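Data file: target-v5.cif. Format and content: mmCIF, C-alpha atoms, pLDDT in the B column; chains and numbers go by the auth columns.
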data_target
loop_
_atom_site.group_PDB
_atom_site.id
_atom_site.type_symbol
_atom_site.label_atom_id
_atom_site.label_comp_id
_atom_site.label_asym_id
_atom_site.label_seq_id
_atom_site.Cartn_x
_atom_site.Cartn_y
_atom_site.Cartn_z
_atom_site.B_iso_or_equiv
_atom_site.auth_seq_id
_atom_site.auth_asym_id
ATOM 1 C CA ALA A 1 2.820 -5.548 -11.285 86.00 405 A
ATOM 2 C CA VAL A 2 1.422 -4.697 -7.854 86.00 406 A
ATOM 3 C CA ARG A 3 4.899 -3.969 -6.545 92.00 407 A
ATOM 4 C CA LEU A 4 5.805 -1.775 -9.502 92.00 408 A
ATOM 5 C CA VAL A 5 2.570 0.190 -9.396 90.00 409 A
ATOM 6 C CA SER A 6 2.876 0.570 -5.623 92.00 410 A
ATOM 7 C CA LEU A 7 6.494 1.669 -5.924 94.00 411 A
ATOM 8 C CA ALA A 8 5.491 4.415 -8.334 93.00 412 A
ATOM 9 C CA CYS A 9 2.021 5.447 -7.176 92.00 413 A
ATOM 10 C CA PHE A 10 2.337 5.594 -3.413 94.00 414 A
ATOM 11 C CA PRO A 11 5.270 8.038 -3.288 95.00 415 A
ATOM 12 C CA ILE A 12 3.979 10.131 -6.197 95.00 416 A
ATOM 13 C CA PHE A 13 0.449 10.573 -4.884 95.00 417 A
ATOM 14 C CA ILE A 14 1.404 10.957 -1.227 95.00 418 A
ATOM 15 C CA GLY A 15 4.045 13.490 -2.270 95.00 419 A
ATOM 16 C CA LEU A 16 1.520 15.312 -4.445 95.00 420 A
ATOM 17 C CA GLY A 17 -0.892 15.503 -1.539 94.00 421 A
ATOM 18 C CA ALA A 18 1.817 16.748 0.798 95.00 422 A
ATOM 19 C CA THR A 19 3.040 19.440 -1.585 96.00 423 A
ATOM 20 C CA ALA A 20 -0.317 20.429 -3.123 95.00 424 A
ATOM 21 C CA GLU A 21 -0.327 23.930 -1.658 95.00 425 A
ATOM 22 C CA TRP A 22 2.956 24.681 -3.454 95.00 426 A
ATOM 23 C CA PHE A 23 2.334 22.521 -6.529 94.00 427 A
ATOM 24 C CA VAL A 24 -1.017 23.989 -7.544 95.00 428 A
ATOM 25 C CA PRO A 25 -0.019 27.690 -7.796 95.00 429 A
ATOM 26 C CA VAL A 26 3.220 26.879 -9.606 95.00 430 A
ATOM 27 C CA VAL A 27 1.821 24.387 -12.115 94.00 431 A
ATOM 28 C CA LEU A 28 -1.833 25.405 -12.473 93.00 432 A
ATOM 29 C CA GLY A 29 -1.824 29.034 -11.326 94.00 433 A
ATOM 30 C CA ASP A 30 -3.314 30.980 -8.461 94.00 434 A
ATOM 31 C CA GLN A 31 -6.851 30.635 -9.813 96.00 435 A
ATOM 32 C CA TRP A 32 -6.742 26.941 -8.780 95.00 436 A
ATOM 33 C CA LEU A 33 -5.891 27.534 -5.097 95.00 437 A
ATOM 34 C CA ALA A 34 -9.404 26.483 -4.065 93.00 438 A
ATOM 35 C CA ALA A 35 -8.645 22.997 -5.451 94.00 439 A
ATOM 36 C CA VAL A 36 -5.766 22.378 -3.021 95.00 440 A
ATOM 37 C CA PRO A 37 -7.880 20.677 -0.286 95.00 441 A
ATOM 38 C CA LEU A 38 -9.553 18.501 -2.921 94.00 442 A
ATOM 39 C CA LEU A 39 -6.221 17.459 -4.374 94.00 443 A
ATOM 40 C CA GLN A 40 -4.874 16.671 -0.924 95.00 444 A
ATOM 41 C CA LEU A 41 -7.798 14.361 -0.131 94.00 445 A
ATOM 42 C CA LEU A 42 -7.954 12.663 -3.517 94.00 446 A
ATOM 43 C CA ALA A 43 -4.195 12.089 -3.602 94.00 447 A
ATOM 44 C CA LEU A 44 -4.569 9.841 -0.557 92.00 448 A
ATOM 45 C CA ALA A 45 -7.089 7.573 -2.314 91.00 449 A
ATOM 46 C CA MET A 46 -5.417 7.407 -5.729 94.00 450 A
ATOM 47 C CA PRO A 47 -2.769 4.761 -4.943 93.00 451 A
ATOM 48 C CA LEU A 48 -5.529 2.281 -4.107 92.00 452 A
ATOM 49 C CA TYR A 49 -7.414 3.348 -7.212 92.00 453 A
ATOM 50 C CA ALA A 50 -4.350 2.547 -9.326 92.00 454 A
ATOM 51 C CA LEU A 51 -3.969 -0.848 -7.660 91.00 455 A
ATOM 52 C CA GLY A 52 -7.659 -1.576 -8.131 90.00 456 A
ATOM 53 C CA HIS A 53 -7.222 -1.462 -11.894 88.00 457 A
ATOM 54 C CA LEU A 54 -4.792 -4.378 -11.806 90.00 458 A
ATOM 55 C CA MET A 55 -7.299 -6.914 -10.543 89.00 459 A
ATOM 56 C CA PRO A 56 -9.948 -7.126 -13.296 91.00 460 A
ATOM 57 C CA PRO A 57 -7.590 -8.319 -16.054 90.00 461 A
ATOM 58 C CA ALA A 58 -6.022 -10.876 -13.715 89.00 462 A
ATOM 59 C CA VAL A 59 -9.389 -12.215 -12.537 91.00 463 A
ATOM 60 C CA ASN A 60 -10.672 -12.420 -16.098 90.00 464 A
ATOM 61 C CA ALA A 61 -7.482 -14.151 -17.264 91.00 465 A
ATOM 62 C CA LEU A 62 -8.040 -16.801 -14.600 91.00 466 A
ATOM 63 C CA GLY A 63 -11.438 -17.522 -16.130 91.00 467 A
ATOM 64 C CA GLN A 64 -13.476 -15.876 -13.381 91.00 468 A
ATOM 65 C CA PRO A 65 -15.297 -12.978 -15.072 91.00 469 A
ATOM 66 C CA ARG A 66 -18.235 -13.476 -12.720 94.00 470 A
ATOM 67 C CA VAL A 67 -16.095 -12.357 -9.770 94.00 471 A
ATOM 68 C CA GLN A 68 -15.262 -9.113 -11.541 92.00 472 A
ATOM 69 C CA THR A 69 -18.870 -8.577 -12.562 94.00 473 A
ATOM 70 C CA VAL A 70 -20.026 -8.895 -8.952 95.00 474 A
ATOM 71 C CA ASN A 71 -17.161 -6.616 -7.862 95.00 475 A
ATOM 72 C CA ALA A 72 -18.358 -4.005 -10.345 94.00 476 A
ATOM 73 C CA LEU A 73 -21.904 -4.298 -8.992 97.00 477 A
ATOM 74 C CA ILE A 74 -20.596 -3.841 -5.441 97.00 478 A
ATOM 75 C CA GLY A 75 -18.839 -0.676 -6.612 96.00 479 A
ATOM 76 C CA LEU A 76 -22.060 0.414 -8.278 96.00 480 A
ATOM 77 C CA ALA A 77 -23.804 0.138 -4.907 96.00 481 A
ATOM 78 C CA ILE A 78 -21.134 1.699 -2.663 96.00 482 A
ATOM 79 C CA MET A 79 -19.783 4.650 -4.624 96.00 483 A
ATOM 80 C CA PRO A 80 -23.038 6.305 -5.800 96.00 484 A
ATOM 81 C CA ALA A 81 -24.474 5.945 -2.286 96.00 485 A
ATOM 82 C CA ALA A 82 -21.387 7.637 -0.878 96.00 486 A
ATOM 83 C CA PHE A 83 -21.591 10.379 -3.501 96.00 487 A
ATOM 84 C CA LEU A 84 -25.229 11.051 -2.605 97.00 488 A
ATOM 85 C CA VAL A 85 -24.106 11.696 0.964 96.00 489 A
ATOM 86 C CA GLY A 86 -21.063 13.753 -0.015 96.00 490 A
ATOM 87 C CA VAL A 87 -22.748 15.968 -2.586 96.00 491 A
ATOM 88 C CA ARG A 88 -24.675 17.675 0.206 96.00 492 A
ATOM 89 C CA TYR A 89 -21.384 19.134 1.433 95.00 493 A
ATOM 90 C CA GLY A 90 -20.083 20.309 -1.921 94.00 494 A
ATOM 91 C CA PRO A 91 -16.830 19.381 -3.650 94.00 495 A
ATOM 92 C CA LEU A 92 -14.967 18.887 -0.374 94.00 496 A
ATOM 93 C CA GLY A 93 -17.711 16.541 0.795 95.00 497 A
ATOM 94 C CA LEU A 94 -17.410 14.514 -2.418 94.00 498 A
ATOM 95 C CA ALA A 95 -13.648 14.241 -2.014 94.00 499 A
ATOM 96 C CA THR A 96 -14.067 13.202 1.617 95.00 500 A
ATOM 97 C CA VAL A 97 -16.551 10.435 0.849 96.00 501 A
ATOM 98 C CA TRP A 98 -14.319 9.234 -1.978 95.00 502 A
ATOM 99 C CA LEU A 99 -11.487 8.959 0.547 94.00 503 A
ATOM 100 C CA ALA A 100 -13.770 7.084 2.948 95.00 504 A
ATOM 101 C CA ALA A 101 -15.673 4.852 0.520 96.00 505 A
ATOM 102 C CA TYR A 102 -13.008 3.811 -1.972 95.00 506 A
ATOM 103 C CA PRO A 103 -10.735 2.042 0.551 95.00 507 A
ATOM 104 C CA LEU A 104 -13.806 0.114 1.746 96.00 508 A
ATOM 105 C CA LEU A 105 -14.658 -0.834 -1.828 96.00 509 A
ATOM 106 C CA PHE A 106 -11.030 -1.756 -2.495 95.00 510 A
ATOM 107 C CA ALA A 107 -10.920 -4.019 0.577 95.00 511 A
ATOM 108 C CA ILE A 108 -14.128 -5.829 -0.386 96.00 512 A
ATOM 109 C CA THR A 109 -13.264 -6.322 -4.049 94.00 513 A
ATOM 110 C CA SER A 110 -9.666 -7.292 -3.273 93.00 514 A
ATOM 111 C CA ALA A 111 -10.782 -9.949 -0.815 94.00 515 A
ATOM 112 C CA ARG A 112 -13.184 -11.348 -3.406 94.00 516 A
ATOM 113 C CA ALA A 113 -10.641 -11.240 -6.234 91.00 517 A
ATOM 114 C CA LEU A 114 -7.786 -12.736 -4.238 88.00 518 A
ATOM 115 C CA ARG A 115 -9.828 -15.826 -3.385 84.00 519 A
#
File written out as structure tokens:
Amino acid sequence: AVRLVSLACFPIFIGLGATAEWFVPVVLGDQWLAAVPLLQLLALAMPLYALGHLMPPAVNALGQPRVQTVNALIGLAIMPAAFLVGVRYGPLGLATVWLAAYPLLFAITSARALR
């Protein structure tokens, strides 16, 4: 499942981020041009976000729901703290802290889940 999701998500999201300045006006219209930098930043974090959703069912199926509960609590500590920092800089700040904080969260929760 990880290989299949990676095979699909990494090229799609990286490609979306790379072509956002052409994609947005064509698909969404010129009124969405201000969203291009946000889309470019978030597209870099989304492949890990997609992979992160594969772990909870696997951990629970192995009879370790406590691991996933602690992982969720770690996410509850990291992401809101990052958002409190990023919100001071507006939407671009929020997208930037998402790009910075989510890979950290993914690394921590993956290490815990893979044990």
Taking the file above as input, evaluate the PyMOL selection byres ((chain A and resi 417) around 12) and report the hits as a VMD selection string.
chain A and resid 409 to 416 418 to 424 443 to 454
Best match for closeness to Gly479 in chain A among A:Leu508, A:Val491, A:Leu496, A:Val430, counting all atoms listed in the file:
A:Leu508
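Comparing A:Ala517, A:Leu455, A:Gly494, A:Trp426 by their smallest distance to Pro469 in chain A, the closest is A:Ala517 (using all atoms listed in the file).
What separates CA of Gly456 in chain A from CA of Pro441 in chain A is a distance of 23.6 Å.
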To one decimal in Å, tell me the separation between CA of Ala505 in chain A and CA of Ile482 in chain A.
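Calculated distance between CA of Ala505 in chain A and CA of Ile482 in chain A is 7.1 Å.
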For CA of Trp502 in chain A and CA of Pro484 in chain A, the interatomic separation in Å (one decimal):
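Taking CA of Trp502 in chain A as the start and CA of Pro484 in chain A as the end point, the length is 10.0 Å.
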Residue neighbourhood Leu518 in chain A, 12 Å, all atoms listed in the file, exclusion window fewer than 4 positions, as a PyMOL selection string
chain A and resi 456+458-460+462-463+466+468+471-472+475+510-514
Could you work out an axis-aligned box for range 510-518 of chain A, taking every atom the file lists and adding 5 Å on each side, and report centre and edge lengths in Å to one decimal, as lines of an AutoDock Vina configuration file?
center_x = -11.0
center_y = -7.2
center_z = -2.8
size_x = 16.3
size_y = 21.0
size_z = 16.8
Kindly reconstruct range 481-492 of chain A with N, CA and C atoms and present the result as a PDB file, in the frame of the given file.
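Now in result-v9.pdb:
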ATOM      1  N   ALA A 481     -22.973  -0.111  -6.087  1.00 96.00           N
ATOM      2  CA  ALA A 481     -23.804   0.138  -4.907  1.00 96.00           C
ATOM      3  C   ALA A 481     -23.125   1.101  -3.931  1.00 96.00           C
ATOM      4  N   ILE A 482     -21.825   0.924  -3.699  1.00 96.00           N
ATOM      5  CA  ILE A 482     -21.134   1.699  -2.663  1.00 96.00           C
ATOM      6  C   ILE A 482     -20.856   3.139  -3.095  1.00 96.00           C
ATOM      7  N   MET A 483     -20.251   3.318  -4.247  1.00 96.00           N
ATOM      8  CA  MET A 483     -19.783   4.650  -4.624  1.00 96.00           C
ATOM      9  C   MET A 483     -20.925   5.652  -4.872  1.00 96.00           C
ATOM     10  N   PRO A 484     -21.959   5.319  -5.643  1.00 96.00           N
ATOM     11  CA  PRO A 484     -23.038   6.305  -5.800  1.00 96.00           C
ATOM     12  C   PRO A 484     -23.729   6.648  -4.480  1.00 96.00           C
ATOM     13  N   ALA A 485     -23.875   5.661  -3.594  1.00 96.00           N
ATOM     14  CA  ALA A 485     -24.474   5.945  -2.286  1.00 96.00           C
ATOM     15  C   ALA A 485     -23.603   6.925  -1.515  1.00 96.00           C
ATOM     16  N   ALA A 486     -22.303   6.718  -1.557  1.00 96.00           N
ATOM     17  CA  ALA A 486     -21.387   7.637  -0.878  1.00 96.00           C
ATOM     18  C   ALA A 486     -21.455   9.024  -1.507  1.00 96.00           C
ATOM     19  N   PHE A 487     -21.524   9.084  -2.822  1.00 96.00           N
ATOM     20  CA  PHE A 487     -21.591  10.379  -3.501  1.00 96.00           C
ATOM     21  C   PHE A 487     -22.883  11.130  -3.167  1.00 96.00           C
ATOM     22  N   LEU A 488     -23.977  10.404  -2.991  1.00 97.00           N
ATOM     23  CA  LEU A 488     -25.229  11.051  -2.605  1.00 97.00           C
ATOM     24  C   LEU A 488     -25.113  11.705  -1.233  1.00 97.00           C
ATOM     25  N   VAL A 489     -24.343  11.098  -0.351  1.00 96.00           N
ATOM     26  CA  VAL A 489     -24.106  11.696   0.964  1.00 96.00           C
ATOM     27  C   VAL A 489     -23.165  12.891   0.826  1.00 96.00           C
ATOM     28  N   GLY A 490     -22.080  12.719   0.096  1.00 96.00           N
ATOM     29  CA  GLY A 490     -21.063  13.753  -0.015  1.00 96.00           C
ATOM     30  C   GLY A 490     -21.477  14.989  -0.781  1.00 96.00           C
ATOM     31  N   VAL A 491     -22.366  14.837  -1.747  1.00 96.00           N
ATOM     32  CA  VAL A 491     -22.748  15.968  -2.586  1.00 96.00           C
ATOM     33  C   VAL A 491     -23.450  17.054  -1.776  1.00 96.00           C
ATOM     34  N   ARG A 492     -24.017  16.686  -0.655  1.00 96.00           N
ATOM     35  CA  ARG A 492     -24.675  17.675   0.206  1.00 96.00           C
ATOM     36  C   ARG A 492     -23.690  18.668   0.803  1.00 96.00           C
TER      37      ARG A 492
END
